[in-house]
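Note: the block below is start-v9.txt and it holds compact mmCIF, C-alpha atoms and all ligand atoms.
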```txt
# COMPACT_ATOMS: atom_id res chain seq x y z
CA MET A 1 280.24 -13.65 213.79
CA SER A 2 281.86 -14.52 210.47
CA ASP A 3 282.06 -11.99 207.70
CA PRO A 4 280.00 -13.34 204.76
CA ALA A 5 282.12 -11.43 202.21
CA ALA A 6 285.36 -12.90 203.60
CA SER A 7 283.99 -16.43 203.67
CA GLN A 8 282.70 -15.96 200.13
CA SER A 9 286.19 -14.91 198.95
CA ALA A 10 287.82 -17.79 200.86
CA HIS A 11 285.84 -20.17 198.69
CA THR A 12 286.35 -18.40 195.40
CA PRO A 13 288.69 -20.64 193.45
CA GLU A 14 291.93 -19.10 192.28
CA LEU A 15 293.47 -19.86 188.92
CA LEU A 16 297.26 -19.54 189.05
CA THR A 17 298.96 -19.48 185.65
CA CYS A 18 302.56 -20.03 184.60
CA ASP A 19 304.77 -20.59 181.55
CA ILE A 20 305.75 -24.12 182.58
CA LEU A 21 303.72 -26.51 184.75
CA TYR A 22 305.27 -29.76 185.91
CA THR A 23 303.01 -31.74 188.21
CA GLY A 24 305.44 -34.59 188.83
CA MET A 25 303.50 -36.86 186.47
CA GLY A 26 304.13 -37.22 182.73
CA GLY A 27 305.85 -34.40 180.93
CA ALA A 28 305.78 -30.72 181.78
CA GLN A 29 303.27 -28.53 179.94
CA SER A 30 303.42 -25.00 178.61
CA PRO A 31 301.54 -22.86 179.42
CA GLY A 32 299.97 -24.27 182.56
CA GLY A 33 297.65 -23.47 185.39
CA VAL A 34 296.51 -24.71 188.77
CA VAL A 35 293.12 -24.06 190.35
CA VAL A 36 293.27 -23.76 194.13
CA SER A 37 290.16 -23.67 196.31
CA GLY A 38 290.30 -23.32 200.08
CA GLY A 39 294.02 -24.22 200.06
CA VAL A 40 293.41 -27.45 198.15
CA ILE A 41 294.31 -28.14 194.52
CA ALA A 42 291.10 -28.50 192.48
CA ALA A 43 292.58 -29.01 189.00
CA THR A 44 295.71 -28.65 186.88
CA GLY A 45 296.08 -28.24 183.13
CA HIS A 46 296.05 -25.77 180.27
CA PRO A 47 294.80 -22.34 181.41
CA ASN A 48 292.10 -22.28 178.68
CA THR A 49 290.63 -25.59 179.85
CA LEU A 50 290.72 -24.40 183.46
CA ARG A 51 289.06 -21.07 182.51
CA GLY A 52 286.27 -23.05 180.85
CA ASN A 53 285.78 -25.38 183.81
CA PHE A 54 286.16 -22.71 186.52
CA PRO A 55 284.61 -19.56 184.98
CA HIS A 56 284.32 -17.81 188.34
CA ALA A 57 287.92 -18.38 189.38
CA ARG A 58 290.04 -15.33 190.17
CA GLU A 59 292.98 -15.50 187.81
CA SER A 60 296.53 -14.37 188.49
CA ARG A 61 299.95 -15.12 187.06
CA ALA A 62 301.95 -17.08 189.66
CA GLY A 63 305.33 -16.91 187.95
CA SER A 64 307.38 -18.61 185.28
CA VAL A 65 307.34 -22.14 186.74
CA ILE A 66 304.91 -24.14 188.90
CA ALA A 67 306.46 -27.45 189.94
CA PRO A 68 307.49 -29.34 193.06
CA PRO A 69 310.64 -27.77 194.57
CA PRO A 70 313.77 -28.81 192.62
CA VAL A 71 316.47 -31.09 193.99
CA ASN A 72 320.10 -30.02 194.34
CA ALA A 73 321.52 -33.40 193.33
CA HIS A 74 325.20 -32.54 193.71
CA THR A 75 326.84 -30.15 196.11
CA HIS A 76 329.55 -29.91 198.77
CA LEU A 77 327.80 -28.32 201.75
CA ASP A 78 331.01 -28.40 203.80
CA MET A 79 332.41 -25.76 201.39
CA SER A 80 329.50 -23.35 201.97
CA ALA A 81 331.71 -20.81 203.79
CA TYR A 82 334.02 -20.49 200.76
CA ASP A 83 334.03 -17.37 198.62
CA PHE A 84 332.87 -17.95 195.05
CA ARG A 85 335.44 -17.46 192.30
CA ALA A 86 335.16 -18.21 188.60
CA LEU A 87 338.61 -19.38 187.43
CA PRO A 88 339.87 -21.94 184.94
CA TYR A 89 339.91 -25.46 186.47
CA PHE A 90 343.70 -25.62 186.89
CA ARG A 91 343.73 -22.32 188.78
CA TRP A 92 340.51 -22.94 190.70
CA ILE A 93 341.73 -26.18 192.33
CA PRO A 94 344.86 -24.68 194.00
CA GLU A 95 343.62 -21.10 194.48
CA VAL A 96 340.07 -21.80 195.66
CA ALA A 97 339.51 -25.47 196.61
CA MET A 98 342.89 -25.80 198.33
CA GLY A 99 343.46 -22.11 199.05
CA GLN A 100 340.34 -21.75 201.20
CA ARG A 101 340.64 -25.17 202.81
CA ASP A 102 340.55 -23.70 206.33
CA LYS A 103 336.94 -22.67 205.60
CA ARG A 104 335.86 -26.29 205.02
CA GLY A 105 334.02 -28.02 207.84
CA LEU A 106 330.99 -28.37 210.06
CA ALA A 107 330.07 -24.68 210.39
CA GLY A 108 329.90 -24.33 206.60
CA ALA A 109 327.99 -27.60 206.23
CA LEU A 110 325.32 -26.61 208.76
CA ALA A 111 325.02 -23.11 207.27
CA GLY A 112 324.61 -24.75 203.84
CA ALA A 113 321.91 -27.04 205.23
CA ASP A 114 320.13 -23.97 206.66
CA THR A 115 320.31 -22.31 203.24
CA LEU A 116 318.79 -25.36 201.53
CA ARG A 117 315.98 -25.45 204.09
CA ALA A 118 315.29 -21.73 203.59
CA LEU A 119 315.24 -22.29 199.81
CA GLY A 120 312.80 -25.17 200.28
CA ALA A 121 315.02 -27.57 198.31
CA GLY A 122 313.22 -30.81 197.41
CA ALA A 123 316.25 -32.91 198.48
CA VAL A 124 320.04 -32.84 198.32
CA GLY A 125 322.90 -35.02 197.12
CA ASP A 126 325.78 -33.85 199.31
CA ILE A 127 329.42 -34.94 199.18
CA VAL A 128 330.98 -35.07 202.67
CA TRP A 129 334.76 -34.75 202.27
CA SER A 130 337.07 -37.53 203.28
CA HIS A 131 338.35 -35.62 206.33
CA GLY A 132 334.80 -34.85 207.42
CA GLN A 133 333.67 -37.96 209.32
CA ASP A 134 332.70 -35.70 212.22
CA LEU A 135 330.20 -33.96 209.91
CA LEU A 136 328.17 -37.10 209.32
CA ALA A 137 326.40 -37.33 212.70
CA PRO A 138 325.27 -33.66 212.80
CA LEU A 139 324.10 -33.82 209.18
CA LEU A 140 322.27 -37.14 209.67
CA ALA A 141 320.41 -35.47 212.56
CA ARG A 142 319.02 -32.85 210.13
CA THR A 143 315.64 -34.39 209.45
CA ASP A 144 314.74 -31.12 207.69
CA LEU A 145 317.13 -32.27 204.94
CA SER A 146 316.22 -35.27 202.81
CA GLY A 147 318.53 -36.93 200.32
CA VAL A 148 321.94 -38.55 200.46
CA LEU A 149 325.20 -37.76 202.27
CA TYR A 150 327.90 -39.37 200.14
CA TYR A 151 331.02 -39.96 202.20
CA GLU A 152 333.99 -39.25 199.94
CA VAL A 153 336.82 -41.73 199.59
CA LEU A 154 340.11 -40.99 197.89
CA SER A 155 343.38 -42.92 197.50
CA PRO A 156 345.29 -43.57 194.26
CA PHE A 157 347.56 -46.30 195.69
CA PRO A 158 346.25 -49.82 194.89
CA GLU A 159 348.44 -51.33 197.61
CA ARG A 160 346.56 -49.24 200.19
CA ALA A 161 343.09 -50.10 198.83
CA ASP A 162 342.16 -52.72 201.45
CA GLU A 163 343.18 -50.52 204.34
CA VAL A 164 341.39 -47.40 202.99
CA PHE A 165 338.30 -49.46 202.14
CA SER A 166 338.12 -50.97 205.65
CA ALA A 167 338.34 -47.52 207.20
CA ALA A 168 335.55 -46.20 204.91
CA ARG A 169 333.33 -49.21 205.66
CA GLU A 170 333.86 -48.62 209.36
CA VAL A 171 332.75 -44.98 208.96
CA ILE A 172 329.59 -46.08 207.11
CA GLU A 173 328.73 -48.90 209.52
CA SER A 174 329.24 -46.77 212.62
CA HIS A 175 326.90 -44.08 211.24
CA ARG A 176 324.10 -46.13 209.70
CA LYS A 177 322.24 -46.36 213.00
CA LEU A 178 322.04 -42.57 212.98
CA GLU A 179 319.90 -42.48 209.83
CA ARG A 180 316.44 -41.10 210.71
CA PRO A 181 313.15 -41.65 208.86
CA GLY A 182 312.65 -38.73 206.48
CA GLY A 183 316.20 -37.49 207.03
CA PRO A 184 319.26 -37.94 204.82
CA ARG A 185 320.76 -41.37 204.33
CA LEU A 186 324.31 -42.45 203.77
CA GLY A 187 326.05 -43.07 200.49
CA LEU A 188 329.60 -43.30 199.22
CA SER A 189 331.55 -41.17 196.78
CA PRO A 190 334.69 -42.55 195.22
CA HIS A 191 336.11 -39.08 194.39
CA THR A 192 337.09 -39.52 190.69
CA PRO A 193 338.34 -42.38 188.45
CA PHE A 194 341.87 -40.87 188.63
CA THR A 195 342.15 -40.20 192.39
CA VAL A 196 340.85 -43.62 193.52
CA SER A 197 342.81 -46.73 192.56
CA HIS A 198 341.22 -49.45 190.43
CA ARG A 199 341.28 -51.84 193.36
CA LEU A 200 339.63 -49.39 195.76
CA LEU A 201 336.98 -48.50 193.16
CA ARG A 202 336.07 -52.19 192.83
CA LEU A 203 335.88 -52.67 196.60
CA LEU A 204 333.70 -49.58 197.08
CA ALA A 205 331.39 -50.43 194.16
CA ASP A 206 330.92 -54.05 195.29
CA TYR A 207 330.25 -52.99 198.88
CA ALA A 208 327.78 -50.27 197.85
CA ALA A 209 325.91 -52.65 195.53
CA GLY A 210 325.62 -55.28 198.27
CA GLU A 211 324.51 -52.80 200.92
CA GLY A 212 322.17 -50.77 198.72
CA LEU A 213 324.26 -47.65 199.29
CA PRO A 214 323.93 -44.93 196.66
CA LEU A 215 327.15 -43.93 194.89
CA GLN A 216 328.20 -40.68 193.28
CA ILE A 217 331.43 -40.15 191.28
CA HIS A 218 332.84 -37.03 189.57
CA VAL A 219 333.57 -38.16 185.98
CA ALA A 220 334.85 -36.44 182.81
CA GLU A 221 334.61 -32.93 184.24
CA HIS A 222 337.60 -31.45 182.36
CA PRO A 223 339.07 -32.33 178.93
CA ALA A 224 342.41 -33.08 180.67
CA GLU A 225 340.79 -36.10 182.35
CA VAL A 226 340.19 -37.62 178.92
CA GLU A 227 343.81 -36.88 177.96
CA LEU A 228 345.00 -38.63 181.13
CA PHE A 229 343.23 -41.89 180.25
CA ARG A 230 344.40 -41.63 176.65
CA THR A 231 348.09 -40.84 177.28
CA GLY A 232 348.79 -41.30 181.00
CA GLY A 233 349.95 -37.67 181.12
CA GLY A 234 348.88 -34.07 180.62
CA PRO A 235 347.99 -31.25 183.00
CA ILE A 236 346.14 -33.41 185.55
CA TRP A 237 349.13 -35.70 185.78
CA ASP A 238 351.46 -32.69 186.16
CA SER A 239 349.27 -31.24 188.94
CA MET A 240 349.14 -34.62 190.73
CA THR A 241 352.90 -34.63 191.23
CA ARG A 242 352.34 -32.06 193.99
CA PHE A 243 350.61 -34.81 196.00
CA PRO A 244 351.70 -38.30 196.95
CA TYR A 245 350.77 -40.27 193.83
CA PRO A 246 351.96 -43.52 192.21
CA ALA A 247 354.88 -43.33 189.78
CA THR A 248 352.70 -44.00 186.72
CA PHE A 249 349.02 -43.50 185.95
CA ALA A 250 348.88 -47.13 184.79
CA GLU A 251 349.39 -48.17 188.44
CA VAL A 252 346.33 -46.15 189.50
CA ILE A 253 344.01 -47.67 186.90
CA GLY A 254 345.60 -51.14 186.77
CA ARG A 255 345.99 -51.06 182.98
CA ALA A 256 347.85 -49.08 180.35
CA PRO A 257 346.31 -45.84 179.07
CA GLU A 258 345.35 -46.18 175.41
CA ALA A 259 344.08 -44.08 172.54
CA ASP A 260 340.39 -44.89 172.95
CA LEU A 261 340.29 -45.44 176.69
CA THR A 262 337.95 -42.91 178.33
CA PRO A 263 337.10 -42.47 182.03
CA VAL A 264 333.60 -43.88 181.35
CA ARG A 265 334.83 -46.90 179.37
CA TYR A 266 337.37 -47.57 182.14
CA LEU A 267 334.65 -47.52 184.83
CA ASP A 268 332.42 -49.72 182.70
CA GLU A 269 335.12 -52.34 182.00
CA LEU A 270 336.16 -52.29 185.67
CA GLY A 271 332.60 -53.29 186.62
CA VAL A 272 331.88 -50.03 188.47
CA LEU A 273 328.96 -48.93 186.28
CA ALA A 274 327.21 -52.19 187.18
CA ALA A 275 326.75 -50.73 190.70
CA ARG A 276 324.80 -47.91 188.98
CA PRO A 277 326.66 -44.94 190.41
CA THR A 278 325.35 -41.48 189.66
CA LEU A 279 327.91 -39.87 187.35
CA VAL A 280 328.50 -36.17 188.04
CA HIS A 281 329.58 -33.70 185.31
CA MET A 282 330.07 -35.99 182.23
CA VAL A 283 331.00 -32.96 180.15
CA ASN A 284 333.83 -34.46 178.08
CA VAL A 285 332.35 -37.69 176.79
CA THR A 286 332.12 -39.65 173.55
CA PRO A 287 328.99 -41.16 171.93
CA ASP A 288 330.29 -44.54 173.15
CA ASP A 289 330.48 -43.18 176.74
CA ILE A 290 326.86 -42.02 176.50
CA ALA A 291 325.75 -45.41 175.14
CA ARG A 292 327.56 -47.19 178.00
CA THR A 293 325.94 -44.87 180.55
CA ALA A 294 322.50 -45.58 179.11
CA ARG A 295 323.10 -49.35 178.96
CA ALA A 296 324.24 -49.42 182.60
CA GLY A 297 321.17 -47.39 183.69
CA CYS A 298 323.31 -44.76 185.42
CA ALA A 299 321.83 -41.31 186.05
CA VAL A 300 323.96 -38.22 185.49
CA VAL A 301 324.06 -34.89 187.32
CA THR A 302 324.99 -31.76 185.45
CA CYS A 303 326.24 -28.57 187.15
CA PRO A 304 325.91 -26.00 184.34
CA ARG A 305 327.13 -22.90 186.17
CA SER A 306 330.12 -24.63 187.77
CA ASN A 307 331.21 -26.20 184.47
CA THR A 308 331.04 -22.80 182.78
CA HIS A 309 332.84 -20.94 185.61
CA LEU A 310 335.69 -23.50 185.57
CA GLU A 311 335.84 -23.55 181.73
CA CYS A 312 335.28 -27.31 181.59
CA GLY A 313 333.00 -27.32 178.54
CA VAL A 314 329.28 -27.86 177.97
CA PHE A 315 327.44 -31.03 179.03
CA PRO A 316 325.88 -32.57 175.87
CA TRP A 317 322.36 -32.52 177.27
CA SER A 318 320.33 -33.44 174.20
CA THR A 319 322.57 -36.40 173.33
CA PHE A 320 322.18 -37.84 176.83
CA ALA A 321 318.43 -37.18 176.74
CA ALA A 322 318.11 -38.86 173.33
CA ALA A 323 319.90 -41.93 174.75
CA GLY A 324 317.31 -42.11 177.54
CA VAL A 325 319.69 -41.23 180.39
CA GLU A 326 318.09 -39.74 183.52
CA ILE A 327 319.49 -36.23 184.03
CA ALA A 328 319.47 -34.24 187.28
CA LEU A 329 320.90 -30.84 188.20
CA GLY A 330 323.28 -29.78 190.95
CA THR A 331 324.96 -26.54 191.94
CA ASP A 332 328.29 -28.12 192.94
CA SER A 333 329.80 -26.11 195.83
CA VAL A 334 329.08 -22.38 196.26
CA ALA A 335 332.80 -21.85 195.49
CA SER A 336 332.37 -22.91 191.85
CA GLY A 337 328.58 -22.73 191.34
CA GLY A 338 327.92 -19.38 193.01
CA SER A 339 324.89 -20.38 195.12
CA LEU A 340 323.10 -23.43 196.51
CA ASP A 341 319.89 -22.55 194.66
CA VAL A 342 319.51 -25.08 191.85
CA ARG A 343 316.83 -22.84 190.29
CA ASP A 344 319.76 -20.58 189.36
CA ASP A 345 321.19 -23.53 187.39
CA VAL A 346 317.81 -24.14 185.76
CA ALA A 347 317.71 -20.48 184.66
CA PHE A 348 321.33 -20.65 183.50
CA ALA A 349 320.71 -23.88 181.58
CA ARG A 350 317.80 -22.23 179.76
CA THR A 351 320.27 -19.69 178.32
CA LEU A 352 323.07 -22.24 177.81
CA TYR A 353 320.76 -24.54 175.80
CA PRO A 354 318.56 -22.15 173.79
CA HIS A 355 317.41 -25.02 171.53
CA LEU A 356 316.51 -27.39 174.37
CA ASP A 357 312.85 -27.41 175.44
CA PRO A 358 312.88 -25.68 178.87
CA ARG A 359 310.23 -28.14 180.08
CA LEU A 360 312.91 -30.86 179.98
CA ILE A 361 315.20 -28.79 182.21
CA VAL A 362 312.47 -28.20 184.80
CA ARG A 363 311.50 -31.88 184.79
CA ALA A 364 315.17 -32.91 185.21
CA ALA A 365 315.62 -30.60 188.20
CA VAL A 366 312.62 -32.22 189.91
CA LYS A 367 312.16 -35.80 188.77
CA GLY A 368 315.81 -36.48 187.87
CA GLY A 369 316.88 -35.15 191.25
CA HIS A 370 314.41 -37.31 193.18
CA ARG A 371 315.52 -40.36 191.15
CA VAL A 372 319.18 -39.69 191.99
CA THR A 373 318.56 -39.11 195.69
CA GLY A 374 315.93 -41.85 196.03
CA THR A 375 313.48 -39.43 197.62
CA PRO A 376 309.70 -39.32 197.07
CA LEU A 377 308.47 -36.89 194.45
CA PRO A 378 305.50 -34.80 195.65
CA PHE A 379 302.72 -34.50 193.08
CA ILE A 380 300.71 -31.40 192.24
CA ARG A 381 297.29 -32.99 191.78
CA ARG A 382 293.64 -32.65 192.64
CA GLY A 383 292.99 -33.11 196.36
CA ALA A 384 296.56 -32.36 197.47
CA LEU A 385 297.32 -29.32 199.58
CA TRP A 386 298.60 -26.32 197.66
CA GLN A 387 302.05 -25.09 198.73
CA ASP A 388 303.49 -21.68 197.90
CA ALA A 389 306.83 -23.48 197.38
CA PHE A 390 305.37 -24.89 194.13
CA VAL A 391 305.89 -21.45 192.57
CA TRP A 392 309.57 -21.11 191.70
CA ALA A 393 310.85 -17.66 192.52
ZN ZN A 401 331.63 -31.77 193.03
```
Let me see the file written as structure tokens.
Amino acid sequence: MSDPAASQSAHTPELLTCDILYTGMGGAQSPGGVVVSGGVIAATGHPNTLRGNFPHARESRAGSVIAPPPVNAHTHLDMSAYDFRALPYFRWIPEVAMGQRDKRGLAGALAGADTLRALGAGAVGDIVWSHGQDLLAPLLARTDLSGVLYYEVLSPFPERADEVFSAAREVIESHRKLERPGGPRLGLSPHTPFTVSHRLLRLLADYAAGEGLPLQIHVAEHPAEVELFRTGGGPIWDSMTRFPYPATFAEVIGRAPEADLTPVRYLDELGVLAARPTLVHMVNVTPDDIARTARAGCAVVTCPRSNTHLECGVFPWSTFAAAGVEIALGTDSVASGGSLDVRDDVAFARTLYPHLDPRLIVRAAVKGGHRVTGTPLPFIRRGALWQDAFVWA
């Protein structure tokens, strides 16, 4: 026999309130509320409107944010076994990225994927390192992980471009049959505009555009990258001499560095932006770079904690937003970001940009991330099932 009191309470609508509500449609609102009845969403909107329409609802504060789970649009899951360290960029690369290289690989990648699943991440944009071809099949099998696995390609020697490109295309073609409905799909990541030759960049961008493969490139992360395109020298150039690298930077980019050449202008004039890559970091940019990004229709991913930990500068969020550029958030690897939870970057961004409306940051983490990864955005709307994951911890 059913308990009449229990069945009565099961049908009493609940009004859940929050500071920021983003339903996936339109802009986010503040404050917000969701009425849930019998596990189904009955209404969303301003708490006062909902109180008026559902006077018998039991009201409780759900938390700061109600929104679909955010997307981690840029990370390196294969570095998930690394220890986090905040160090200036030119110490972090040798001491952490290179120093802990023996921790990079499949075990870390799968543990990172487990973490994202436990966090309920909406999707992921993951860079799979150039030595990690063997990671692609196990990660493609993870249908609990939606998003893009960008296979990273790196080679500064233009004379090797055809050979390196053929090998990368072979890796993509041999793995495409392993893509599963609902699971991650393949993409390509030319590492940076200074570690991939101009010729290889062109080949990768043309191939990706023709095959519909998503692209992600690290661009303008550190001020020294801008100096490199301006002068052909500086600390990046000095650090590159530890690796096999062409004799001059002009050979890498196929043109002479010049006073107003920036990494973004270079990519634009090379024809790479026409393939609409997602540009990651974009911290050290000019107004002209931002205008070019907007004109090309490229989305950008910002990694606020990582940029701060590595002392790279502050991503000019409001200028990009004013230009109409789609912005998403990523953690970067745990080694520079600190965790794989992009909600930590949302919280950090709210302190980093005290004058930016926090509703824009929440919307970017959800909608921007789904745009970048090409994954469907779940809506919080009447008739849909309520999920506890809609409340951001
Ligand atoms: Zn990265």
_Selection as a PyMOL selection string: residues within 7 Å of ligand ZN 401 (chain A) by all atoms listed in the file_ = chain A and resi 74-76+218+332-333
*asked:* From (354.8, -40.0, 183.2), in the file's coordinates, out to 10 Å: which residues are reached, counting only C-alpha atoms? Answer as JSON, numbers by chain.
replied: {"A": [231, 232, 233, 234, 237, 238, 241, 247, 248, 249, 250]}
Write the residues of the selection above to a file with C-alpha atoms, as a CSV table (one decimal), in the frame of the given file.
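Produced file selection06.csv, reproduced below:
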```csv
chain,number,residue,atom,x,y,z
A,231,THR,CA,348.1,-40.8,177.3
A,232,GLY,CA,348.8,-41.3,181.0
A,233,GLY,CA,350.0,-37.7,181.1
A,234,GLY,CA,348.9,-34.1,180.6
A,237,TRP,CA,349.1,-35.7,185.8
A,238,ASP,CA,351.5,-32.7,186.2
A,241,THR,CA,352.9,-34.6,191.2
A,247,ALA,CA,354.9,-43.3,189.8
A,248,THR,CA,352.7,-44.0,186.7
A,249,PHE,CA,349.0,-43.5,186.0
A,250,ALA,CA,348.9,-47.1,184.8
```
*Just give me the residues with any atom within 9 Å of (289.5, -22.7, 197.3), file coordinates, counting only C-alpha atoms, written as a ChimeraX atom specification.*
/A:9-14,35-42
_Close residues, segment 360-375 of chain A itself excluded, 8 Å, all atoms listed in the file, min 4 positions apart in chain, as number ranges by chain_ = A: 22, 24, 27-28, 67-73, 122-125, 146-148, 214, 278, 299, 326-329, 342, 346, 349-350, 356
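When all atoms listed in the file are used to measure the gap to Ala208 of chain A, the shortest distance among A:Val334, A:Ile127, A:Met240, A:Ala275 belongs to A:Ala275.
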_Between atom CA of Phe229 of chain A and atom CA of Asp260 of chain A, what is the distance in Å, rounded to a tenth?_
8.4 Å
_Counting only C-alpha atoms, which residue out of A:Gly271, A:Gly45, A:Pro257, A:Gly63 sits closest to Ala389 of chain A?_
A:Gly63
